[in-house]
Each structure stands twice: as C-alpha cells, then as structure tokens.
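**Student:** My structure is in target_23.txt, and what it holds is compact mmCIF, C-alpha atoms:
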# COMPACT_ATOMS: atom_id res chain seq x y z
CA MET A 1 -51.64 52.37 -51.84
CA ARG A 2 -54.79 50.78 -53.28
CA ILE A 3 -55.60 49.73 -56.81
CA ASP A 4 -59.03 51.35 -56.61
CA THR A 5 -59.29 55.09 -56.11
CA SER A 6 -63.02 55.05 -55.35
CA HIS A 7 -64.55 54.72 -51.89
CA SER A 8 -65.65 51.12 -52.51
CA LEU A 9 -63.08 48.37 -53.00
CA PRO A 10 -63.41 45.80 -55.78
CA ALA A 11 -64.89 42.44 -54.80
CA LEU A 12 -62.69 39.36 -54.45
CA LEU A 13 -63.81 35.78 -53.94
CA MET A 14 -61.23 33.70 -52.10
CA ILE A 15 -61.83 29.95 -52.25
CA SER A 16 -59.69 28.13 -49.70
CA ASP A 17 -59.20 24.47 -48.84
CA CYS A 18 -58.77 25.39 -45.16
CA LEU A 19 -59.69 28.16 -42.76
CA PRO A 20 -56.96 30.83 -42.83
CA ASP A 21 -55.19 30.87 -39.48
CA PRO A 22 -51.84 32.53 -38.61
CA GLU A 23 -51.34 29.99 -35.83
CA GLY A 24 -52.34 26.95 -37.87
CA GLY A 25 -50.35 24.56 -40.03
CA SER A 26 -48.48 25.38 -43.21
CA ARG A 27 -51.59 25.48 -45.39
CA ALA A 28 -53.63 27.52 -42.89
CA SER A 29 -50.86 30.07 -42.32
CA ARG A 30 -50.28 30.35 -46.05
CA ALA A 31 -53.99 30.96 -46.61
CA TRP A 32 -53.89 33.60 -43.88
CA ARG A 33 -51.09 35.46 -45.64
CA LEU A 34 -53.04 35.44 -48.90
CA LEU A 35 -56.15 36.63 -47.09
CA CYS A 36 -54.20 39.56 -45.59
CA CYS A 37 -52.92 40.52 -49.04
CA ALA A 38 -56.39 40.26 -50.56
CA ALA A 39 -58.01 42.31 -47.80
CA SER A 40 -55.50 45.13 -48.34
CA THR A 41 -56.86 45.81 -51.84
CA HIS A 42 -60.29 44.14 -52.08
CA GLU A 43 -63.53 43.50 -50.28
CA VAL A 44 -63.14 39.79 -49.61
CA THR A 45 -65.78 37.09 -49.66
CA LEU A 46 -64.24 33.91 -48.24
CA SER A 47 -65.48 30.45 -49.18
CA VAL A 48 -63.87 27.71 -47.09
CA GLN A 49 -63.96 24.09 -48.27
CA THR A 50 -63.12 22.03 -45.20
CA ASP A 51 -64.45 19.47 -42.74
CA GLN A 52 -62.18 20.54 -39.88
CA PRO A 53 -63.78 22.01 -36.73
CA VAL A 54 -63.58 25.79 -36.30
CA ASN A 55 -63.50 27.53 -32.93
CA LEU A 56 -64.83 31.00 -32.17
CA GLU A 57 -61.39 32.63 -31.96
CA GLN A 58 -60.43 31.39 -35.42
CA TRP A 59 -63.72 32.62 -36.83
CA ARG A 60 -63.32 36.09 -35.33
CA ARG A 61 -59.83 36.52 -36.78
CA VAL A 62 -61.09 35.70 -40.26
CA ALA A 63 -64.24 37.83 -39.90
CA VAL A 64 -62.11 40.93 -39.30
CA LEU A 65 -60.60 40.66 -42.80
CA ALA A 66 -63.43 39.08 -44.79
CA LYS A 67 -66.76 40.78 -45.36
CA GLN A 68 -68.53 37.43 -45.72
CA VAL A 69 -67.45 33.91 -44.72
CA HIS A 70 -69.05 30.83 -46.24
CA MET A 71 -68.29 27.36 -44.86
CA GLU A 72 -68.88 24.35 -47.09
CA SER A 73 -68.09 20.69 -46.62
CA ALA A 74 -65.09 19.51 -48.61
CA ARG A 75 -66.78 16.17 -49.22
CA GLY A 76 -69.63 17.72 -51.17
CA SER A 77 -73.30 17.19 -50.57
CA LEU A 78 -75.26 14.06 -51.38
CA PHE A 79 -77.29 15.35 -54.30
CA GLN A 80 -74.70 17.75 -55.74
CA SER A 81 -76.40 20.80 -54.25
CA SER A 82 -74.76 22.80 -51.48
CA ARG A 83 -78.10 24.49 -50.67
CA LEU A 84 -79.41 21.39 -48.89
CA LEU A 85 -76.85 21.48 -46.10
CA HIS A 86 -74.89 24.71 -46.27
CA GLY A 87 -77.24 27.42 -47.55
CA PRO A 88 -76.96 29.19 -50.92
CA SER A 89 -73.65 28.63 -52.65
CA LEU A 90 -71.36 31.53 -53.53
CA HIS A 91 -70.30 29.96 -56.82
CA THR A 92 -73.13 31.36 -58.93
CA LYS A 93 -73.56 33.90 -61.71
CA HIS A 94 -75.66 36.23 -59.57
CA GLN A 95 -72.63 38.20 -58.36
CA ARG A 96 -69.69 39.46 -60.33
CA PHE A 97 -66.24 39.54 -58.75
CA HIS A 98 -63.21 41.50 -59.80
CA THR A 99 -60.86 38.69 -58.78
CA VAL A 100 -61.04 35.01 -57.83
CA LEU A 101 -58.24 33.67 -55.65
CA LEU A 102 -57.76 29.92 -55.15
CA THR A 103 -55.46 28.54 -52.46
CA SER A 104 -54.89 25.30 -54.40
CA PRO A 105 -55.16 24.04 -58.01
CA GLN A 106 -57.45 21.29 -56.69
CA LEU A 107 -60.17 23.92 -56.17
CA TRP A 108 -60.30 24.92 -59.83
CA SER A 109 -63.69 23.28 -60.43
CA ASN A 110 -65.22 25.52 -57.75
CA GLN A 111 -64.73 28.64 -59.87
CA ASP A 112 -66.37 27.35 -63.05
CA LYS A 113 -69.57 29.37 -62.54
CA VAL A 114 -67.93 32.44 -61.05
CA VAL A 115 -68.00 35.60 -63.17
CA ALA A 116 -64.72 37.44 -62.61
CA ASP A 117 -62.16 39.55 -64.47
CA LEU A 118 -59.04 37.98 -62.95
CA ARG A 119 -58.19 34.49 -61.76
CA LEU A 120 -55.29 33.79 -59.41
CA CYS A 121 -54.20 30.42 -58.04
CA ASP A 122 -51.64 29.58 -55.38
CA PHE A 123 -49.25 26.80 -56.38
CA ALA A 124 -47.08 27.06 -53.25
CA CYS A 125 -48.34 23.77 -51.82
CA ILE A 126 -47.94 21.60 -54.90
CA GLU A 127 -46.06 18.37 -54.29
CA THR A 128 -43.03 17.27 -56.24
CA LYS A 129 -43.95 13.58 -56.14
CA ARG A 130 -47.16 12.03 -57.30
CA THR A 131 -49.32 10.84 -54.47
CA ARG A 132 -50.97 7.47 -54.69
CA VAL A 133 -54.75 7.70 -54.69
CA LEU A 134 -56.23 5.07 -52.40
CA PRO A 135 -59.50 3.43 -53.42
CA ARG A 136 -62.51 5.13 -51.84
CA LYS A 137 -64.80 3.06 -49.67
CA PRO A 138 -68.46 3.13 -50.81
CA GLY A 139 -70.92 4.93 -48.58
CA LEU A 140 -74.14 3.61 -47.05
CA ILE A 141 -76.41 4.54 -49.96
CA GLU A 142 -73.93 3.14 -52.45
CA ARG A 143 -73.88 -0.17 -50.60
CA LEU A 144 -77.69 -0.27 -50.46
CA THR A 145 -78.32 0.64 -54.10
CA GLY A 146 -75.24 -0.98 -55.57
CA LYS A 147 -74.61 2.14 -57.68
CA PRO A 148 -71.86 4.71 -57.15
CA LEU A 149 -72.91 8.26 -56.41
CA LEU A 150 -72.12 10.99 -58.90
CA ARG A 151 -69.38 13.27 -57.69
CA ARG A 152 -69.79 17.02 -57.83
CA ARG A 153 -66.17 17.81 -58.49
CA THR A 154 -64.31 17.11 -61.67
CA HIS A 155 -60.56 16.64 -61.98
CA HIS A 156 -58.49 19.28 -63.71
CA SER A 157 -54.81 18.85 -64.46
CA ARG A 158 -52.38 21.36 -63.05
CA SER A 159 -51.41 22.31 -66.60
CA SER A 160 -54.98 23.27 -67.48
CA VAL A 161 -55.34 25.22 -64.25
CA ALA A 162 -52.09 27.10 -64.90
CA ALA A 163 -53.19 27.90 -68.44
CA GLY A 164 -56.51 29.32 -67.21
CA CYS A 165 -55.01 31.65 -64.59
CA ASP A 166 -53.93 35.24 -65.07
CA ARG A 167 -51.21 34.80 -62.44
CA LEU A 168 -49.74 31.86 -60.54
CA LEU A 169 -48.60 32.45 -56.96
CA VAL A 170 -45.67 30.73 -55.28
CA ALA A 171 -44.00 31.18 -51.89
CA LYS A 172 -40.39 30.91 -53.11
CA ALA A 173 -38.62 31.55 -56.39
CA PRO A 174 -37.40 27.91 -56.82
CA GLN A 175 -41.03 26.78 -56.88
CA LYS A 176 -41.40 28.38 -60.31
CA ASP A 177 -39.37 25.51 -61.78
CA ARG A 178 -42.00 23.03 -60.60
CA LEU A 179 -44.88 24.79 -62.30
CA PRO A 180 -46.41 22.85 -65.20
CA LYS A 181 -46.96 25.98 -67.31
CA GLY A 182 -46.84 29.73 -67.06
CA ARG A 183 -43.50 30.30 -65.33
CA SER A 184 -43.41 33.79 -66.80
CA ARG A 185 -46.75 34.55 -65.12
CA ALA A 186 -45.63 33.35 -61.68
CA VAL A 187 -45.35 35.83 -58.82
CA VAL A 188 -43.57 35.20 -55.53
CA ILE A 189 -45.77 36.03 -52.52
CA SER A 190 -43.75 34.89 -49.53
CA ASP A 191 -45.25 33.71 -46.25
CA SER A 192 -43.70 36.64 -44.35
CA GLY A 193 -45.24 39.61 -46.15
CA GLU A 194 -45.04 40.87 -49.70
CA ILE A 195 -48.20 42.99 -49.70
CA GLU A 196 -46.31 45.48 -51.89
CA THR A 197 -45.61 42.72 -54.42
CA TRP A 198 -49.30 41.77 -54.33
CA MET A 199 -50.32 45.37 -55.07
CA GLN A 200 -47.78 45.71 -57.87
CA MET A 201 -49.05 42.51 -59.49
CA LEU A 202 -52.64 43.76 -59.46
CA MET A 203 -51.62 47.13 -60.84
CA GLU A 204 -49.87 45.45 -63.77
CA LEU A 205 -52.90 43.27 -64.47
CA GLN A 206 -55.21 46.25 -64.27
CA LEU A 207 -53.11 48.17 -66.78
CA LYS A 208 -53.19 45.24 -69.19
CA GLN A 209 -56.96 45.08 -68.89
CA SER A 210 -57.33 48.80 -69.68
CA PRO A 211 -55.32 49.44 -72.85
CA ALA A 212 -55.45 52.77 -74.67
CA PRO A 213 -58.36 53.07 -77.17
CA ALA A 214 -57.53 51.95 -80.69
CA ASP A 215 -58.80 55.19 -82.21
CA TYR A 216 -56.63 57.33 -79.96
CA ILE A 217 -54.01 59.22 -81.99
CA THR A 218 -51.04 60.83 -80.34
CA PRO A 219 -51.02 64.52 -81.31
CA GLU A 220 -48.18 65.44 -83.61
CA VAL A 221 -46.03 68.39 -82.58
CA LYS A 222 -44.32 70.34 -85.34
CA VAL A 223 -41.46 72.73 -84.72
CA MET A 224 -41.59 75.73 -87.06
CA PRO A 225 -38.34 77.54 -87.95
CA VAL A 226 -38.04 81.04 -86.52
CA GLN A 227 -36.13 83.74 -88.35
CA PRO A 228 -34.07 86.01 -86.08
CA MET A 229 -35.23 89.63 -86.06
CA SER A 230 -32.69 92.21 -87.15
CA ARG A 231 -32.25 95.35 -85.12
CA LYS A 232 -32.17 98.67 -86.87
CA ALA A 233 -30.38 101.66 -85.51
CA ALA A 234 -32.68 104.39 -84.33
Translate the structure described by the file into structure tokens.
**Tutor:**
Amino acid sequence: MRIDTSHSLPALLMISDCLPDPEGGSRASRAWRLLCCAASTHEVTLSVQTDQPVNLEQWRRVAVLAKQVHMESARGSLFQSSRLLHGPSLHTKHQRFHTVLLTSPQLWSNQDKVVADLRLCDFACIETKRTRVLPRKPGLIERLTGKPLLRRRTHHSRSSVAAGCDRLLVAKAPQKDRLPKGRSRAVVISDSGEIETWMQMLMELQLKQSPAPADYITPEVKVMPVQPMSRKAA
C-alpha cells in the first residue's frame, strides 16, 4: 500500500544527525528504521549532519533506499555557507518536498528554508534530564581576532519544535508523557517495524490536507409515497 497512486512517489527530505545504519548505535539504528519507513512511501533525499567517518559499506546500504545523499559537517562551515566545503545545500527554496522528516528536535533550524507540506520530527532520543552545556573553546581565528564567530544554527526549544510539527514520532508509548507539547499528535514508530503505522499516519494527514470543497452539497434524496394499484376482475 502506498499513499500515492501515481507512478512517481512524493518527495521527502530526511535530515538526520547521523548516518542511518542498522548495525550502528541506538541513534543510527533508529535513523535506519525511519529511513526504511520513509522509503516505503516516498522518494527520499537524505541530508546527514555528522562528522563521523563513513565507510563504503555503510554508504551503499543508505544509497539503496535514498535517491540522493548529502553529507554536511555538523559543526557548520566557517562563513555560514555550506557551499564552500560541501557543495550546494539541500535546504533551499528551489525544491519543494511533500514531507520533511527530522531525526532530532535539535535539527529544527535546518528546515527553516525548506518548502514542504508536512513536517515530522522524531522525539525518541530526547533525554529526561537536562544536560550541562560545557563552555566551548575558541577556535584559531577567534583567538587571532579576539571576536567570536557567528554561529549558523539557532536554538529552538523542544516546545516550539513540537508546536511546529504535524506529527511527533516516538519509539515507545511511555515516551509520549515526556513530550513538551502535542501528545495527541504523537505516533509510535517502534524500532522493530511499524511500516503499516507509518503509512496509516500519512494517510490520515493526507486526508486532513484534502478536505471536501466548501461549495459541495450532498444531494438530497426524497422518498415519494406510492399508492398501491388495485386489480380489477377481467
């Protein structure tokens, strides 16, 4: 079952904080499960934000499911332009996507310029305790100039991310209680499967996006009384 009955599948941009890998850690295997779900209904463009090394076997596994794979440094480029080091960025207004899928709320700023109908974000890896942010050491240019570099990414609270999503994804039902907002819009996509649940979620969203026209009037059916015919003797 697919949500699109035409020969071409709708486009999906998946922005991940790691390379999806079924044999990787918890985040990588979780991203792999989401990639499998996305590839079952969409033509996937994968944008990976990571500084971890990638071997050829990992790349081939991902390339089977994703039409296009874009690797970008998680640290961001020096002059706030990914074109200098990583080629043209995917986060532009030149292409329209049907759906944007984020593997973490921390990636919310990466979808600001993306034109899409639906926005999904995975909250399965959110932490229950607040992590202490250690002070960042200044880089070489910062030490030479004495001025801090402007950062490309801006911080968004989890509440604002949840409010801006059409659906929030979790791996287990108890994780819904840890969501900042939108518990009613949370969908459980477990790490073991749930492609059917993924398809059902998209079908429901698609129906909400395509309501019946306002000028459509349901035809009225009237039942007219029928008099019984009397028989006359011949």
**Student:** Find the distance between CA of Met203 (chain A) and CA of Leu118 (chain A) and write it in Å to one decimal.
**Tutor:**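 The value is 12.0 Å.
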**Student:** Taking into account all atoms listed in the file, which residue in the set A:His42, A:Arg61, A:Thr103, A:Ser73 is nearest to Ser16 (chain A)?
**Tutor:**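 Under the stated criterion, the closest residue is A:Thr103.
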**Student:** List every protein, DNA or RNA residue that has an atom no more than 8 Å from (-54.2, 24.3, -44.2) in the file's coordinate frame, counting only C-alpha atoms, and report them as an mmCIF file with C-alpha atoms, keeping the file's coordinate frame.
**Tutor:**
data_model
loop_
_atom_site.group_PDB
_atom_site.id
_atom_site.type_symbol
_atom_site.label_atom_id
_atom_site.label_comp_id
_atom_site.auth_asym_id
_atom_site.auth_seq_id
_atom_site.Cartn_x
_atom_site.Cartn_y
_atom_site.Cartn_z
ATOM 1 C CA ASP A 17 -59.200 24.470 -48.840
ATOM 2 C CA CYS A 18 -58.770 25.390 -45.160
ATOM 3 C CA LEU A 19 -59.690 28.160 -42.760
ATOM 4 C CA PRO A 20 -56.960 30.830 -42.830
ATOM 5 C CA GLY A 24 -52.340 26.950 -37.870
ATOM 6 C CA GLY A 25 -50.350 24.560 -40.030
ATOM 7 C CA SER A 26 -48.480 25.380 -43.210
ATOM 8 C CA ARG A 27 -51.590 25.480 -45.390
ATOM 9 C CA ALA A 28 -53.630 27.520 -42.890
ATOM 10 C CA SER A 29 -50.860 30.070 -42.320
ATOM 11 C CA ARG A 30 -50.280 30.350 -46.050
ATOM 12 C CA ALA A 31 -53.990 30.960 -46.610
#
**Student:** Hey, which of A:Glu23, A:Asp117, A:Glu43, A:Asp122 ends up closest to Ala162 (chain A)? Count only C-alpha atoms.
**Tutor:**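 Smallest separation from Ala162 (chain A) among the options: A:Asp122.
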**Student:** Can you measure CA of Arg185 (chain A) to CA of Leu168 (chain A) for me? One decimal in Å is fine.
**Tutor:**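 So the two atoms, CA of Arg185 (chain A) and CA of Leu168 (chain A), lie 6.1 Å apart.
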**Student:** Counting all atoms listed in the file, figure out which residue out of A:Leu101, A:Leu205, A:Val170, A:Val188 gets nearest to Cys125 (chain A).
**Tutor:**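 For Cys125 (chain A), the nearest of the given residues is A:Val170.
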**Student:** Using all atoms listed in the file, determine which residues lie at most 8 Å from region 44-54 of chain A, disregarding the query and same-chain residues fewer than 2 positions distant; provide the list as a list in words.
**Tutor:**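 So the residues in contact are Ala11, Leu12, Leu13, Met14, Ile15, Ser16, Asp17, Cys18, Leu19, Ala38, Ala39, His42, Leu56, Gln58, Trp59, Leu65, Ala66, Lys67, Gln68, Val69, His70, Met71, Glu72, Ser73, Ala74, Arg75 and Leu90 of chain A.
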**Student:** Next, the residues of the selection above should be written as a short mmCIF file (atom, residue, chain, number, x, y, z; two decimals), in the coordinates of the input with C-alpha atoms.
**Tutor:**
data_model
loop_
_atom_site.label_atom_id
_atom_site.label_comp_id
_atom_site.auth_asym_id
_atom_site.auth_seq_id
_atom_site.Cartn_x
_atom_site.Cartn_y
_atom_site.Cartn_z
CA ALA A 11 -64.89 42.44 -54.80
CA LEU A 12 -62.69 39.36 -54.45
CA LEU A 13 -63.81 35.78 -53.94
CA MET A 14 -61.23 33.70 -52.10
CA ILE A 15 -61.83 29.95 -52.25
CA SER A 16 -59.69 28.13 -49.70
CA ASP A 17 -59.20 24.47 -48.84
CA CYS A 18 -58.77 25.39 -45.16
CA LEU A 19 -59.69 28.16 -42.76
CA ALA A 38 -56.39 40.26 -50.56
CA ALA A 39 -58.01 42.31 -47.80
CA HIS A 42 -60.29 44.14 -52.08
CA LEU A 56 -64.83 31.00 -32.17
CA GLN A 58 -60.43 31.39 -35.42
CA TRP A 59 -63.72 32.62 -36.83
CA LEU A 65 -60.60 40.66 -42.80
CA ALA A 66 -63.43 39.08 -44.79
CA LYS A 67 -66.76 40.78 -45.36
CA GLN A 68 -68.53 37.43 -45.72
CA VAL A 69 -67.45 33.91 -44.72
CA HIS A 70 -69.05 30.83 -46.24
CA MET A 71 -68.29 27.36 -44.86
CA GLU A 72 -68.88 24.35 -47.09
CA SER A 73 -68.09 20.69 -46.62
CA ALA A 74 -65.09 19.51 -48.61
CA ARG A 75 -66.78 16.17 -49.22
CA LEU A 90 -71.36 31.53 -53.53
#
**Student:** For Gln209 (chain A), which residue among A:Asp112, A:Asp166, A:Glu57, A:Glu194 is the nearest when counting all atoms listed in the file?
**Tutor:**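 Looking at the shortest contact to Gln209 (chain A), the residue is A:Asp166.
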**Student:** Give me, please, the distance in Å between CA of Thr41 (chain A) and CA of Ser210 (chain A), quoted to one decimal.
**Tutor:** 18.1 Å
**Student:** Taking all atoms listed in the file into account, name the residue in A:Ala63, A:Val161, A:Ala171, A:Val187 that is nearest to Ser109 (chain A).
**Tutor:** A:Val161
**Student:** Ranking A:Leu179, A:Cys121, A:Val62, A:Leu9 by minimum distance to His98 (chain A) and counting all atoms listed in the file, which one comes first?
**Tutor:**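 Nearest to His98 (chain A): A:Leu9.
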